[in-house]
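Some notes on the structure that comes next.
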Amino acid sequence: MTSDLELLDEYARQGSEEAFSALVHRHLDLVYSAALRQAKSPQLAEEVAQSVFTDHERVALSSHAPHGH
């Protein structure tokens, strides 16, 4: 099984949607259930889970973006 770090690196370096999808699939239930425990609203928990993965996607891409001088 490919590690989370390997999948994240593959996504960040190569833009692999398959890698990011695998990460989301692997952790979605945990993130959603944690959000639901806090929010007590399925709709809000879905929004929080989506936001978590969107934020991780943005950070992964920006951490490997070329930096100009």
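By convention in this document, the chains of the structure tokens carry letters A, B, ... by their order, each chain's residues are numbered from 1, and ligands are numbered from 1 in the order they are shown.
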
All residues 7 Å or closer to range 3-10 of chain A, only C-alpha atoms, same chain fewer than 6 positions away omitted, as a short mmCIF file (atom, residue, chain, number, x, y, z; two decimals) with N, CA and C atoms, in the first residue's frame:
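Result written to around.cif:
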data_model
loop_
_atom_site.label_atom_id
_atom_site.label_comp_id
_atom_site.auth_asym_id
_atom_site.auth_seq_id
_atom_site.Cartn_x
_atom_site.Cartn_y
_atom_site.Cartn_z
N SER A 16 -1.27 14.48 -9.74
CA SER A 16 -2.02 13.23 -9.90
C SER A 16 -3.34 13.28 -9.14
N ALA A 19 -3.91 10.14 -7.06
CA ALA A 19 -3.25 10.14 -5.75
C ALA A 19 -4.08 10.92 -4.73
N PHE A 20 -4.56 12.11 -5.14
CA PHE A 20 -5.35 12.91 -4.21
C PHE A 20 -6.67 12.21 -3.88
N LEU A 23 -6.12 9.62 -1.28
CA LEU A 23 -6.00 10.22 0.06
C LEU A 23 -7.37 10.58 0.62
#

Looking at A:Ala60, A:Gln50, A:Ala22, A:Lys40, which one is nearest to Met1 in chain A, with distances taken over only C-alpha atoms?
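Checking each of A:Ala60, A:Gln50, A:Ala22, A:Lys40 against Met1 in chain A, counting only C-alpha atoms, the winner is A:Ala22.
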
I'd like the contact shell of Tyr32 in chain A - 12 Å cut-off, only C-alpha atoms, skipping same-chain residues fewer than 3 positions apart - returned as a PyMOL selection string.
chain A and resi 24-29+35-53

Per-residue DSSP, chain A, filtered to helix (DSSP H, G or I), as a ChimeraX atom specification
/A:4-14,17-39,42-63
